[in-house]
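*Asks:* For reference, the structure I am asking about is given below.
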Amino acid sequence: MIEDLAARQSNSETDGASLSGTSITMIGALYVAQGVPLGFAFEALPVVLRREGIPLAMLAWLPVAGLPWVIKFLWAPLVDARWVVRLGRRRTWILTMQFLLAVSMAILTMLPIGEDTVPIILLVMTFGIVAAATQDIATDGLAAETQKGSALAVVNAFQVGGMLGGFMAGGAGVLLLTDLIGYGPSVFCLAIFLLLILVPVLLWREAETSSPRTERVPASIVRCFRRPGIWPLVCVCATYGTLYAGMMTLSKLMLTDFGWSLSSVGIIAALTSVTMILVGSPFGSWLAVRVGFWRTMTVGLLVVGLAIAAWILTAWQGNPGTMAGPLVAGLLLGVGGGIASVGVLSQTMKFAGAGTQAGTDATILQSSHVFGELAASSIAVSLASAHGYETALYVGVGGLVAILCVLRWASGRKSTRPFAALAEVESC
């Protein structure tokens, strides 16, 4: 399906553009690399540390390692504005940050696990995630500047699937390998994998197509928020992923409270993620080429709405005693989440590519998305704790209606439709 999309040259919302298979493969690999440290920090490392007897009070600090992904917009203008000419604008940061990410994972293999070393482990892990977040700024900027038309839908399918695939490799993958070969060798395998991703970047030579305008107009956060159309997109990015994040969190907790085994809960969660990678993202890319980005977002959110309905039925039943209902709900959530993500990311990348500081603009929109997901997960758990799972799910239905209204409002504004008109430099 992805290969078929790459051959298409135009659609109702985008102008045609050729797609380089080599550049798409490299960009996809870089997105996989970005998900690896996040999966390791949030899924594998807590389990490994807890198995070694580390107190829960210390493990509560692990989420701090993910903070760079929320605040990376603060240094995004630096990534847009500074580079080594000989290496290239985007290649400078991608090479450096990917190498530092691999080094940070290698250092972790040399640190013994104990209460005294947990702060050092957290520091090294945070450094690796800073490197991954910075590499993402450059990669998003590269994709926004070089991919147009149908290629945007393809590259964002790779972004959604790649990030999630990397997350699973760094999380569940490391846990599986740890049982087979031990913790140190498993993490070392991750470091080698991250170094191998440097190979296509080393072989790639960046074209000097995006630097002249950037040299005349320095990147800045303020310039992004002065661009026509930015605020509607911020609202969309901050809200569209909240339903997926909230449902993923609630569903695992609800099934656990029903008495399901951890392995059964893990199967549902894993199948949801795999469906998002193999079905939702490719289908979202295919759909975006044919009906446009805004309609793709709407379709994805409606499918997520079906998933919420399925989880409500599960909550009514209590412990269903069979995986059929939760499995259907999880599969719908994965499909809808993948479709909506491709639509939103393609639209935001189109917006970023039409300006003069693609990395900064794309990062600000992505940071609003991450913040929205984190807030949604926290609110969903709080509602379930205070009023029960059914009430929290009903609020999700209301959230769906509200988000669809936000999407309708944003798509109807003139400033968010033809981003080609924003290609010229805006005055400060």
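So you can find residues: chains in the structure tokens are A, B, ... in the order shown, residues in each start at 1, and ligands are numbered from 1 in order.
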With 12 Å as the cut-off and only C-alpha atoms counted, what is the closest atom pair between each nearby residue of segment 59-89 of chain A and segment 25-42 of chain A? Distances in Å to one decimal, ordered by chain and number, as JSON lines.
*Replies:*
```
{"residue": "A:Leu59", "atom": "CA", "partner": "A:Phe42", "partner_atom": "CA", "distance": 10.2}
{"residue": "A:Ala60", "atom": "CA", "partner": "A:Phe42", "partner_atom": "CA", "distance": 10.8}
{"residue": "A:Trp61", "atom": "CA", "partner": "A:Phe42", "partner_atom": "CA", "distance": 10.8}
{"residue": "A:Leu62", "atom": "CA", "partner": "A:Ala41", "partner_atom": "CA", "distance": 7.1}
{"residue": "A:Pro63", "atom": "CA", "partner": "A:Phe42", "partner_atom": "CA", "distance": 7.0}
{"residue": "A:Val64", "atom": "CA", "partner": "A:Ala41", "partner_atom": "CA", "distance": 9.8}
{"residue": "A:Ala65", "atom": "CA", "partner": "A:Ala41", "partner_atom": "CA", "distance": 7.3}
{"residue": "A:Gly66", "atom": "CA", "partner": "A:Leu38", "partner_atom": "CA", "distance": 7.1}
{"residue": "A:Leu67", "atom": "CA", "partner": "A:Leu38", "partner_atom": "CA", "distance": 10.8}
{"residue": "A:Pro68", "atom": "CA", "partner": "A:Leu38", "partner_atom": "CA", "distance": 10.8}
{"residue": "A:Trp69", "atom": "CA", "partner": "A:Leu38", "partner_atom": "CA", "distance": 9.5}
```
*Asks:* Just to be explicit: take each residue in the selection above, keep all heavy atoms, and write the result as an mmCIF file, in the first residue's frame.
*Replies:*
```
data_model
loop_
_atom_site.group_PDB
_atom_site.id
_atom_site.type_symbol
_atom_site.label_atom_id
_atom_site.label_comp_id
_atom_site.auth_asym_id
_atom_site.auth_seq_id
_atom_site.Cartn_x
_atom_site.Cartn_y
_atom_site.Cartn_z
ATOM 1 N N LEU A 59 11.360 4.944 41.493
ATOM 2 C CA LEU A 59 10.870 4.721 40.132
ATOM 3 C C LEU A 59 9.899 5.814 39.705
ATOM 4 O O LEU A 59 9.714 6.049 38.505
ATOM 5 C CB LEU A 59 10.183 3.352 40.034
ATOM 6 C CG LEU A 59 11.052 2.120 40.321
ATOM 7 C CD1 LEU A 59 10.263 0.854 40.064
ATOM 8 C CD2 LEU A 59 12.319 2.140 39.483
ATOM 9 N N ALA A 60 9.282 6.477 40.677
ATOM 10 C CA ALA A 60 8.332 7.545 40.352
ATOM 11 C C ALA A 60 9.006 8.707 39.629
ATOM 12 O O ALA A 60 8.326 9.519 38.997
ATOM 13 C CB ALA A 60 7.660 8.044 41.622
ATOM 14 N N TRP A 61 10.337 8.784 39.701
ATOM 15 C CA TRP A 61 11.055 9.859 39.021
ATOM 16 C C TRP A 61 11.349 9.552 37.565
ATOM 17 O O TRP A 61 11.776 10.445 36.817
ATOM 18 C CB TRP A 61 12.374 10.141 39.755
ATOM 19 C CG TRP A 61 12.181 10.849 41.050
ATOM 20 C CD1 TRP A 61 12.131 10.286 42.291
ATOM 21 C CD2 TRP A 61 12.007 12.254 41.251
ATOM 22 N NE1 TRP A 61 11.922 11.247 43.247
ATOM 23 C CE2 TRP A 61 11.846 12.470 42.634
ATOM 24 C CE3 TRP A 61 11.961 13.350 40.387
ATOM 25 C CZ2 TRP A 61 11.641 13.737 43.171
ATOM 26 C CZ3 TRP A 61 11.766 14.610 40.921
ATOM 27 C CH2 TRP A 61 11.608 14.800 42.286
ATOM 28 N N LEU A 62 11.124 8.330 37.118
ATOM 29 C CA LEU A 62 11.467 7.962 35.743
ATOM 30 C C LEU A 62 10.723 8.779 34.684
ATOM 31 O O LEU A 62 11.307 9.112 33.646
ATOM 32 C CB LEU A 62 11.206 6.463 35.522
ATOM 33 C CG LEU A 62 12.218 5.514 36.168
ATOM 34 C CD1 LEU A 62 11.813 4.074 35.932
ATOM 35 C CD2 LEU A 62 13.626 5.763 35.640
ATOM 36 N N PRO A 63 9.446 9.125 34.883
ATOM 37 C CA PRO A 63 8.773 9.936 33.856
ATOM 38 C C PRO A 63 9.443 11.274 33.576
ATOM 39 O O PRO A 63 9.210 11.874 32.515
ATOM 40 C CB PRO A 63 7.364 10.135 34.442
ATOM 41 C CG PRO A 63 7.150 8.937 35.317
ATOM 42 C CD PRO A 63 8.489 8.659 35.912
ATOM 43 N N VAL A 64 10.277 11.755 34.489
ATOM 44 C CA VAL A 64 10.989 13.012 34.254
ATOM 45 C C VAL A 64 11.852 12.909 33.000
ATOM 46 O O VAL A 64 12.086 13.908 32.307
ATOM 47 C CB VAL A 64 11.860 13.367 35.481
ATOM 48 C CG1 VAL A 64 12.738 14.588 35.207
ATOM 49 C CG2 VAL A 64 10.973 13.622 36.700
ATOM 50 N N ALA A 65 12.302 11.685 32.685
ATOM 51 C CA ALA A 65 13.154 11.498 31.505
ATOM 52 C C ALA A 65 12.429 11.872 30.219
ATOM 53 O O ALA A 65 13.068 12.202 29.215
ATOM 54 C CB ALA A 65 13.631 10.041 31.433
ATOM 55 N N GLY A 66 11.101 11.834 30.226
ATOM 56 C CA GLY A 66 10.339 12.172 29.029
ATOM 57 C C GLY A 66 10.077 13.650 28.861
ATOM 58 O O GLY A 66 9.559 14.084 27.822
ATOM 59 N N LEU A 67 10.443 14.455 29.861
ATOM 60 C CA LEU A 67 10.173 15.896 29.799
ATOM 61 C C LEU A 67 10.783 16.579 28.574
ATOM 62 O O LEU A 67 10.160 17.477 28.000
ATOM 63 C CB LEU A 67 10.662 16.564 31.085
ATOM 64 C CG LEU A 67 10.374 18.060 31.243
ATOM 65 C CD1 LEU A 67 8.860 18.310 31.229
ATOM 66 C CD2 LEU A 67 10.997 18.599 32.530
ATOM 67 N N PRO A 68 12.010 16.188 28.133
ATOM 68 C CA PRO A 68 12.572 16.852 26.949
ATOM 69 C C PRO A 68 11.663 16.802 25.725
ATOM 70 O O PRO A 68 11.703 17.707 24.883
ATOM 71 C CB PRO A 68 13.876 16.085 26.703
ATOM 72 C CG PRO A 68 14.263 15.578 28.042
ATOM 73 C CD PRO A 68 12.973 15.243 28.728
ATOM 74 N N TRP A 69 10.855 15.763 25.616
ATOM 75 C CA TRP A 69 9.984 15.646 24.446
ATOM 76 C C TRP A 69 8.877 16.688 24.463
ATOM 77 O O TRP A 69 8.341 17.048 23.427
ATOM 78 C CB TRP A 69 9.383 14.242 24.356
ATOM 79 C CG TRP A 69 9.236 13.766 22.954
ATOM 80 C CD1 TRP A 69 8.134 13.846 22.175
ATOM 81 C CD2 TRP A 69 10.245 13.174 22.138
ATOM 82 N NE1 TRP A 69 8.383 13.332 20.930
ATOM 83 C CE2 TRP A 69 9.675 12.905 20.880
ATOM 84 C CE3 TRP A 69 11.568 12.836 22.348
ATOM 85 C CZ2 TRP A 69 10.385 12.321 19.841
ATOM 86 C CZ3 TRP A 69 12.285 12.243 21.312
ATOM 87 C CH2 TRP A 69 11.684 12.000 20.078
#
```
*Asks:* Using DSSP assignments from the backbone, pull out every residue in segment 187-355 of chain A that falls under helix (DSSP H, G or I) and give it to me as JSON, numbers by chain.
*Replies:* {"A": [187, 188, 189, 190, 191, 192, 193, 194, 195, 196, 198, 199, 200, 201, 202, 203, 211, 212, 213, 214, 215, 216, 221, 222, 223, 224, 225, 230, 231, 232, 233, 234, 235, 236, 237, 238, 239, 240, 242, 243, 244, 245, 246, 247, 248, 249, 250, 251, 252, 253, 254, 255, 256, 257, 262, 263, 264, 265, 266, 267, 268, 269, 270, 271, 272, 273, 274, 275, 276, 277, 278, 279, 280, 281, 282, 283, 284, 285, 286, 287, 288, 289, 290, 291, 293, 294, 295, 296, 297, 298, 299, 300, 301, 302, 303, 304, 305, 306, 307, 308, 309, 310, 311, 312, 313, 314, 315, 316, 317, 324, 325, 326, 327, 328, 329, 330, 331, 332, 333, 334, 335, 336, 337, 338, 339, 340, 341, 342, 343, 344, 345, 346, 347, 348, 349, 350, 351, 352, 353]}
*Asks:* Any idea what's packed within 6 Å of segment 181-193 of chain A, counting only C-alpha atoms, ignoring anything in its chain fewer than 6 positions away? Could you give it as a PyMOL selection string?
*Replies:* chain A and resi 102+105-106+109+174
*Asks:* Please identify all polymer residues within 12 Å of Met247 of chain A, counting only C-alpha atoms, omitting same-chain residues fewer than 4 positions from it, and present them as a tab-separated table (two decimals) with C-alpha atoms, in the first residue's frame.
*Replies:*
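Saved as part-v2.tsv:
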```tsv
chain	number	residue	atom	x	y	z
A	241	GLY	CA	-4.56	12.44	20.42
A	242	THR	CA	-6.25	12.81	23.80
A	243	LEU	CA	-8.88	10.16	23.09
A	251	SER	CA	-8.43	0.13	29.04
A	252	LYS	CA	-5.32	-1.40	30.63
A	253	LEU	CA	-6.35	-0.31	34.11
A	254	MET	CA	-9.95	-1.48	33.65
A	255	LEU	CA	-8.93	-4.94	32.46
A	269	ALA	CA	-2.17	-3.45	24.34
A	272	THR	CA	-3.60	-2.29	19.54
A	304	VAL	CA	-11.81	6.00	17.66
A	305	GLY	CA	-15.39	6.85	18.65
A	306	LEU	CA	-16.41	3.28	17.72
A	307	ALA	CA	-13.58	2.04	19.94
A	308	ILE	CA	-14.92	4.12	22.85
A	309	ALA	CA	-18.36	2.62	22.31
A	310	ALA	CA	-16.85	-0.88	22.39
A	311	TRP	CA	-15.03	-0.10	25.65
A	312	ILE	CA	-18.30	1.24	27.12
A	326	PRO	CA	-11.70	-5.93	24.39
A	329	ALA	CA	-12.17	-2.34	20.98
A	330	GLY	CA	-8.38	-2.41	20.90
A	332	LEU	CA	-10.62	-0.19	16.45
A	333	LEU	CA	-8.56	2.09	18.66
A	334	GLY	CA	-5.37	1.17	16.80
A	336	GLY	CA	-8.55	5.02	14.30
A	337	GLY	CA	-5.49	6.32	16.10
A	373	GLU	CA	-1.83	13.30	25.54
A	376	ALA	CA	-5.58	13.38	28.90
A	377	SER	CA	-4.08	10.27	30.51
A	378	SER	CA	-3.92	11.98	33.88
A	379	ILE	CA	-7.47	13.35	33.64
A	380	ALA	CA	-8.87	9.99	32.49
A	381	VAL	CA	-7.36	8.15	35.47
A	384	ALA	CA	-12.10	6.81	36.71
A	389	TYR	CA	-14.68	3.73	34.41
A	390	GLU	CA	-18.09	4.15	32.78
A	392	ALA	CA	-14.72	8.39	32.34
A	393	LEU	CA	-15.70	6.68	29.08
A	394	TYR	CA	-18.85	8.80	28.76
A	395	VAL	CA	-16.66	11.88	29.14
A	396	GLY	CA	-14.62	10.44	26.27
A	397	VAL	CA	-17.72	10.51	24.07
A	399	GLY	CA	-14.58	14.77	24.21
A	400	LEU	CA	-15.00	13.22	20.77
```
*Asks:* With a distance cut-off of 10 Å and only C-alpha atoms, select the neighbouring residues of Ala138 of chain A, excluding the residue or stretch itself and same-chain residues fewer than 5 positions from it, and output the selection as a PyMOL selection string.
*Replies:* chain A and resi 76+79-80+89-94+97+133+143-144+358-360+362-363
*Asks:* Which neighbours of Ser104 of chain A fall inside 10 Å, counting only C-alpha atoms, when residues of the same chain fewer than 2 positions from it are skipped, and could you give them as a ChimeraX atom specification?
*Replies:* /A:37,98-102,106-109,121,123-129,131,191
*Asks:* Please, could you write that set of residues out with N, CA, C and O atoms as a short mmCIF file (atom, residue, chain, number, x, y, z; two decimals), in the first residue's frame?
*Replies:*
```
data_model
loop_
_atom_site.label_atom_id
_atom_site.label_comp_id
_atom_site.auth_asym_id
_atom_site.auth_seq_id
_atom_site.Cartn_x
_atom_site.Cartn_y
_atom_site.Cartn_z
N PRO A 37 14.50 5.00 22.84
CA PRO A 37 14.75 5.40 24.23
C PRO A 37 13.48 5.64 25.04
O PRO A 37 13.46 5.43 26.25
N GLN A 98 22.10 11.35 16.74
CA GLN A 98 21.94 9.90 16.65
C GLN A 98 23.14 9.19 17.29
O GLN A 98 22.98 8.18 17.98
N PHE A 99 24.33 9.73 17.07
CA PHE A 99 25.53 9.15 17.68
C PHE A 99 25.47 9.26 19.20
O PHE A 99 25.77 8.30 19.93
N LEU A 100 25.08 10.43 19.71
CA LEU A 100 25.00 10.62 21.16
C LEU A 100 23.92 9.73 21.77
O LEU A 100 24.08 9.24 22.90
N LEU A 101 22.83 9.51 21.05
CA LEU A 101 21.79 8.60 21.53
C LEU A 101 22.34 7.19 21.69
O LEU A 101 22.13 6.52 22.71
N ALA A 102 23.08 6.71 20.68
CA ALA A 102 23.68 5.38 20.75
C ALA A 102 24.68 5.29 21.89
O ALA A 102 24.74 4.28 22.61
N ALA A 106 24.81 2.82 25.23
CA ALA A 106 25.99 2.01 25.53
C ALA A 106 26.48 2.26 26.96
O ALA A 106 26.90 1.33 27.66
N ILE A 107 26.42 3.50 27.42
CA ILE A 107 26.84 3.83 28.79
C ILE A 107 25.97 3.11 29.81
O ILE A 107 26.46 2.65 30.85
N LEU A 108 24.67 3.00 29.50
CA LEU A 108 23.76 2.33 30.43
C LEU A 108 24.17 0.88 30.68
O LEU A 108 23.93 0.34 31.77
N THR A 109 24.76 0.24 29.70
CA THR A 109 25.18 -1.17 29.88
C THR A 109 26.33 -1.29 30.87
O THR A 109 26.57 -2.37 31.41
N ILE A 121 21.62 6.64 36.27
CA ILE A 121 20.89 6.00 35.17
C ILE A 121 19.84 6.95 34.61
O ILE A 121 19.68 7.10 33.39
N LEU A 123 19.86 10.20 34.76
CA LEU A 123 20.54 11.30 34.08
C LEU A 123 20.98 10.90 32.68
O LEU A 123 20.77 11.65 31.71
N VAL A 124 21.57 9.71 32.56
CA VAL A 124 22.03 9.23 31.25
C VAL A 124 20.84 9.00 30.32
O VAL A 124 20.88 9.35 29.13
N MET A 125 19.74 8.44 30.87
CA MET A 125 18.56 8.19 30.07
C MET A 125 17.95 9.50 29.58
O MET A 125 17.52 9.61 28.43
N THR A 126 17.93 10.50 30.45
CA THR A 126 17.40 11.80 30.06
C THR A 126 18.25 12.42 28.96
O THR A 126 17.73 13.01 28.00
N PHE A 127 19.58 12.28 29.08
CA PHE A 127 20.47 12.79 28.05
C PHE A 127 20.18 12.12 26.70
O PHE A 127 20.15 12.79 25.65
N GLY A 128 19.95 10.80 26.71
CA GLY A 128 19.62 10.09 25.48
C GLY A 128 18.32 10.56 24.87
O GLY A 128 18.21 10.70 23.64
N ILE A 129 17.34 10.85 25.71
CA ILE A 129 16.05 11.31 25.20
C ILE A 129 16.16 12.74 24.67
O ILE A 129 15.50 13.10 23.69
N ALA A 131 18.82 13.85 23.18
CA ALA A 131 19.42 13.63 21.86
C ALA A 131 18.37 13.16 20.85
O ALA A 131 18.34 13.64 19.70
N ALA A 191 22.06 -0.28 21.41
CA ALA A 191 23.08 0.71 21.04
C ALA A 191 23.64 0.41 19.64
O ALA A 191 23.83 1.32 18.83
#
```
*Asks:* Give me, as a Markdown table, each residue of segment 235-331 of chain A that comes within 6 Å of segment 149-166 of chain A, together with its shortest interatomic pair and the distance in Å at one decimal, counting only C-alpha atoms, with rows ordered by chain and rising residue number.
*Replies:*
```
| residue | atom | partner | partner_atom | distance |
| --- | --- | --- | --- | --- |
| A:Ile277 | CA | A:Gly161 | CA | 4.4 |
| A:Ser281 | CA | A:Ala157 | CA | 4.9 |
| A:Pro282 | CA | A:Ala157 | CA | 5.8 |
| A:Ser285 | CA | A:Ala153 | CA | 4.7 |
| A:Val289 | CA | A:Ser150 | CA | 5.6 |
```
*Asks:* Give the answer as one residue: which of A:Gly292, A:Glu206, A:Leu374, A:Leu142 has the shortest atom-to-atom distance to Tyr244 of chain A, using only C-alpha atoms?
*Replies:*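 Checking each of A:Gly292, A:Glu206, A:Leu374, A:Leu142 against Tyr244 of chain A, counting only C-alpha atoms, the winner is A:Leu374.
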*Asks:* Measuring atom to atom with only C-alpha atoms, identify which of A:Val299, A:Ala245, A:Val291, A:Ala207 is nearest to Ala340 of chain A.
*Replies:*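 For Ala340 of chain A, the nearest of the given residues is A:Val299.
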*Asks:* Neighbouring residues of Pro77 of chain A were defined as those with any atom within 12 Å, considering only C-alpha atoms; residues of the same chain fewer than 3 positions away were excluded. Please report them as a VMD selection string.
*Replies:* chain A and resid 72 to 74 80 to 83 134 137 to 138 141 214 217 to 224 356 to 364
*Asks:* Calculate how many Å separate atom CA of Val335 of chain A from atom CA of Arg290 of chain A, rounding to one decimal.
*Replies:*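 Atom-to-atom, atom CA of Val335 of chain A and atom CA of Arg290 of chain A are spaced 17.6 Å apart.
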*Asks:* Please determine, counting only C-alpha atoms, which residue among A:Leu302, A:Val265, A:Val279, A:Ala354 has the shortest atom-to-atom distance to Leu327 of chain A.
*Replies:*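 Ranking A:Leu302, A:Val265, A:Val279, A:Ala354 by distance to Leu327 of chain A, first place goes to A:Val265.
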*Asks:* Could you check the closest approach to Ser368 of chain A for each of A:Leu45, A:Trp75, A:Leu194, A:Trp231 and tell me which residue wins, using only C-alpha atoms?
*Replies:*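 The shortest atom-to-atom distance to Ser368 of chain A comes from A:Trp231.
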